[in-house]
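Asks: Before we start, here is the structure in question, set down as structure tokens.
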Amino acid sequence: MLSTGGRRFLSFFIPFLLCIHSAAVVSADTQIIEAQASYVMDDAETPLFAEAMVLQQAKQTALKQAVNYVAEFARAKGLHLSIEEIQAVTGTGIRIDVAERSRKLVDNGLRFFVKIKASLTTDGMEDLAHRIKGKPHSLSQEYKQLQDDYAALTRDVEMLKQSSSKAGTAQDRAQQQDRLREKELALARMQKRESALFERLLKGEDLHAKAEQQLAEEQERLKKKTTTVSTLVDEIAHHGHDITIGEPEVKARIEDKGQADLYFPVAITGNPAMRGKIKEALTSSGGELNNATYRKFERRLANLWFVLEVRLKDGDRRVCYVPTPMTKFQADGEFVSMEEGRSNWKVRMSLPLPTIKEIAGVQGRFMEAMPGTACGIARAR
């Protein structure tokens, strides 16, 4: 799990991929294209740039396949579009969703991998084609030039990385690294050009629909994050620990003949199955948590109390909570981590002698409440 700012995955703005008329009609035909790419980051590159490059490469692969789909649609509708205009329709109408993203250390560095799903719908495509055809010819040429620039930048970056690995002196390596940083700035400028180009093609209705769609998606994303965090805390409380309670040691109170202290040996380990659920929770939240959501999760996790519950023969119960943090899970820069190994404790509960006689069983669990009174607690040797 990777994070920035202590709690977030790297994210970045790729300004292409506007979904025209996002509210699809039932009769619309949609083409789904899957594409993937991998990219090994050079020492002079930033993770932000590597993420952008690998996504751009996957996008270019999807666009090459999508162009054929748009060309067939144009022929079926009797639209006479140049290859540049077909490419512009494709780039403007396609929508990209990241299906999988990962980073892995390999022999020659950090490898970034991304798998995307590109969707292209016929809904609104004919109208978009007419608008592109009605624009000055330079607009479609501008889009073609942009794609050529993307391809040239990719070639230049690969050549610079090869040269950097072969550079003999420290000065040569520094010069190659400076050139790589210049390419990173160039990519950012290209993305701005692409965003400005697509905005020129949109009508007011499209911009309004796009804004509403983004708001709805953001609201759903925030709701999903909150739900994911809440569900994860519940999972940790109910299934995150393996708890073993042994035979208690009894110490009668000489000064109080009606009471005795029971010292229960408690062993706690983290449930390794939670690792997958933690990873799944972070993935479901989009790989990042805003500060307010993370702090809320952090507070809930900090208030996870170990509760000792003694069950009596008549069904009644006696409970106490441990005021010392005993959970194996803690919020950190990687969202949440699990402490390895087993911890051993002695938990003391004071009970009247008649109540002790009625004990039928005992269990330990974690709760966000503090029922009963405080237990006694000590580390077991």
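In the structure tokens, chains take the letters A, B, ... in the order shown, each chain's residues start at 1, and ligands count up from 1 in the order shown.
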Pick out the residues sitting within 10 Å of Met326 of chain A, and hand them over as a ChimeraX atom specification; count only C-alpha atoms, and ignore anything fewer than 4 positions along from it in its own chain.
Replies: /A:268-269,302,304-306,322,343-345,366
Asks: Let's see if you can do this: from backbone DSSP, list all strand (DSSP E) residues in segment 191-370 of chain A, as a VMD selection string.
Replies: chain A and resid 241 to 245 249 to 252 259 to 270 305 to 312 317 to 322 329 to 332 335 to 338 342 to 352 359 to 367
Asks: For segment 314-320 of chain A, find every residue with an atom within 7 Å (counting only C-alpha atoms), except residues of its own chain fewer than 4 positions away, and show them as a list in words.
Replies: Val307, Leu308, Glu309, Val310, Pro371, Gly372, Thr373, Ala374 and Cys375 of chain A
Asks: Residues within 8 Å of Ile32 of chain A, please, as a list in words. Count only C-alpha atoms; anything in the same chain fewer than 3 positions from it doesn't count.
Replies: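 After dropping sequence-adjacent residues, the list is Lys117, Ala118, Ser119 and Leu120 of chain A.
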Asks: Just want the 9 Å neighbourhood of Leu139 of chain A, counted on only C-alpha atoms, with same-chain residues fewer than 5 positions away dropped. Output as a list in words.
Replies: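 So the residues in contact are Glu85, Ala88, Ile132, Lys144 and Leu197 of chain A.
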Asks: What would the file look like if the residues just selected were written as a short mmCIF file (atom, residue, chain, number, x, y, z; two decimals), in the first residue's frame with N, CA and C atoms?
Replies:
```
data_model
loop_
_atom_site.label_atom_id
_atom_site.label_comp_id
_atom_site.auth_asym_id
_atom_site.auth_seq_id
_atom_site.Cartn_x
_atom_site.Cartn_y
_atom_site.Cartn_z
N GLU A 85 -10.64 13.90 -38.20
CA GLU A 85 -11.92 14.16 -37.55
C GLU A 85 -12.42 12.93 -36.79
N ALA A 88 -10.57 12.81 -33.59
CA ALA A 88 -11.05 13.81 -32.65
C ALA A 88 -12.37 13.37 -32.00
N ILE A 132 -17.74 18.62 -34.71
CA ILE A 132 -16.31 18.60 -35.05
C ILE A 132 -16.10 18.95 -36.51
N LYS A 144 -4.80 15.93 -33.88
CA LYS A 144 -3.79 15.00 -34.43
C LYS A 144 -2.39 15.40 -33.99
N LEU A 197 -8.82 22.00 -25.69
CA LEU A 197 -9.34 21.58 -27.00
C LEU A 197 -10.73 20.97 -26.86
#
```
Asks: What separation in Å, quoted to one decimal, exists between atom CA of Gln162 of chain A and atom CA of Glu45 of chain A?
Replies: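 Atom-to-atom, atom CA of Gln162 of chain A to atom CA of Glu45 of chain A, that is 13.2 Å.
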Asks: For the atom pair atom CA of Arg179 of chain A and atom CA of Phe198 of chain A, what is the interatomic distance in Å to one decimal place?
Replies: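 Between atom CA of Arg179 of chain A and atom CA of Phe198 of chain A the gap is 28.9 Å.
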Asks: Tell me, as a PyMOL selection string, which residues lie within 7 Å of Val233 of chain A, counting only C-alpha atoms; anything in the same chain fewer than 4 positions away does not count.
Replies: chain A and resi 229+237+301
Asks: Would you export the selected residues with N, CA, C and O atoms as a compact mmCIF listing (two decimals), in the first residue's frame, please?
Replies:
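Once written, result-v4.txt looks like this:
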```txt
# COMPACT_ATOMS: atom_id res chain seq x y z
N VAL A 229 -15.07 2.85 5.49
CA VAL A 229 -14.36 3.01 6.75
C VAL A 229 -15.18 2.46 7.91
O VAL A 229 -14.68 1.75 8.78
N ALA A 237 -13.51 -4.89 14.78
CA ALA A 237 -14.05 -5.14 16.12
C ALA A 237 -14.56 -6.56 16.27
O ALA A 237 -14.30 -7.23 17.28
N LEU A 301 -11.00 3.90 15.68
CA LEU A 301 -10.08 2.80 15.95
C LEU A 301 -9.41 2.97 17.31
O LEU A 301 -9.17 2.00 18.03
```
Asks: Tell me which of A:Thr169, A:Thr92, A:Ser284, A:Ala174 sits closest to Ala196 of chain A, counting only C-alpha atoms.
Replies: A:Thr92
Asks: Rounded to one decimal place, report the atom CA of Gly240 of chain A-atom CA of Lys328 of chain A distance in Å.
Replies: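 Taking atom CA of Gly240 of chain A and atom CA of Lys328 of chain A, their separation equals 8.1 Å.
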Asks: Could you name the residues that touch Ile243 of chain A at 9 Å or less, counting only C-alpha atoms, but leaving out those on the same chain fewer than 3 positions away, as a tab-separated table (two decimals) with N, CA and C atoms, in the first residue's frame?
Replies:
```tsv
chain	number	residue	atom	x	y	z
A	266	VAL	N	-5.25	-13.62	29.12
A	266	VAL	CA	-5.83	-13.31	27.81
A	266	VAL	C	-4.70	-13.20	26.79
A	267	ALA	N	-4.79	-13.98	25.73
A	267	ALA	CA	-3.82	-13.91	24.62
A	267	ALA	C	-4.54	-13.38	23.38
A	268	ILE	N	-3.95	-12.38	22.73
A	268	ILE	CA	-4.58	-11.74	21.58
A	268	ILE	C	-3.61	-11.73	20.40
A	269	THR	N	-4.07	-12.18	19.27
A	269	THR	CA	-3.32	-12.10	18.01
A	269	THR	C	-4.22	-11.47	16.96
A	270	GLY	N	-3.59	-10.87	15.95
A	270	GLY	CA	-4.36	-10.29	14.86
A	270	GLY	C	-4.80	-11.37	13.89
A	363	GLN	N	-15.94	-14.77	27.85
A	363	GLN	CA	-15.46	-14.45	26.52
A	363	GLN	C	-14.91	-13.03	26.49
A	364	GLY	N	-14.05	-12.78	25.52
A	364	GLY	CA	-13.50	-11.45	25.33
A	364	GLY	C	-13.85	-10.95	23.94
A	365	ARG	N	-14.08	-9.67	23.79
A	365	ARG	CA	-14.37	-9.09	22.49
A	365	ARG	C	-14.03	-7.61	22.49
```
Asks: Would you please work out which residue, of A:Thr122, A:Ser38, A:Gln147, A:Gln213, is nearest to Phe73 of chain A when using only C-alpha atoms?
Replies: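 Of all the options, A:Thr122 lies closest to Phe73 of chain A.
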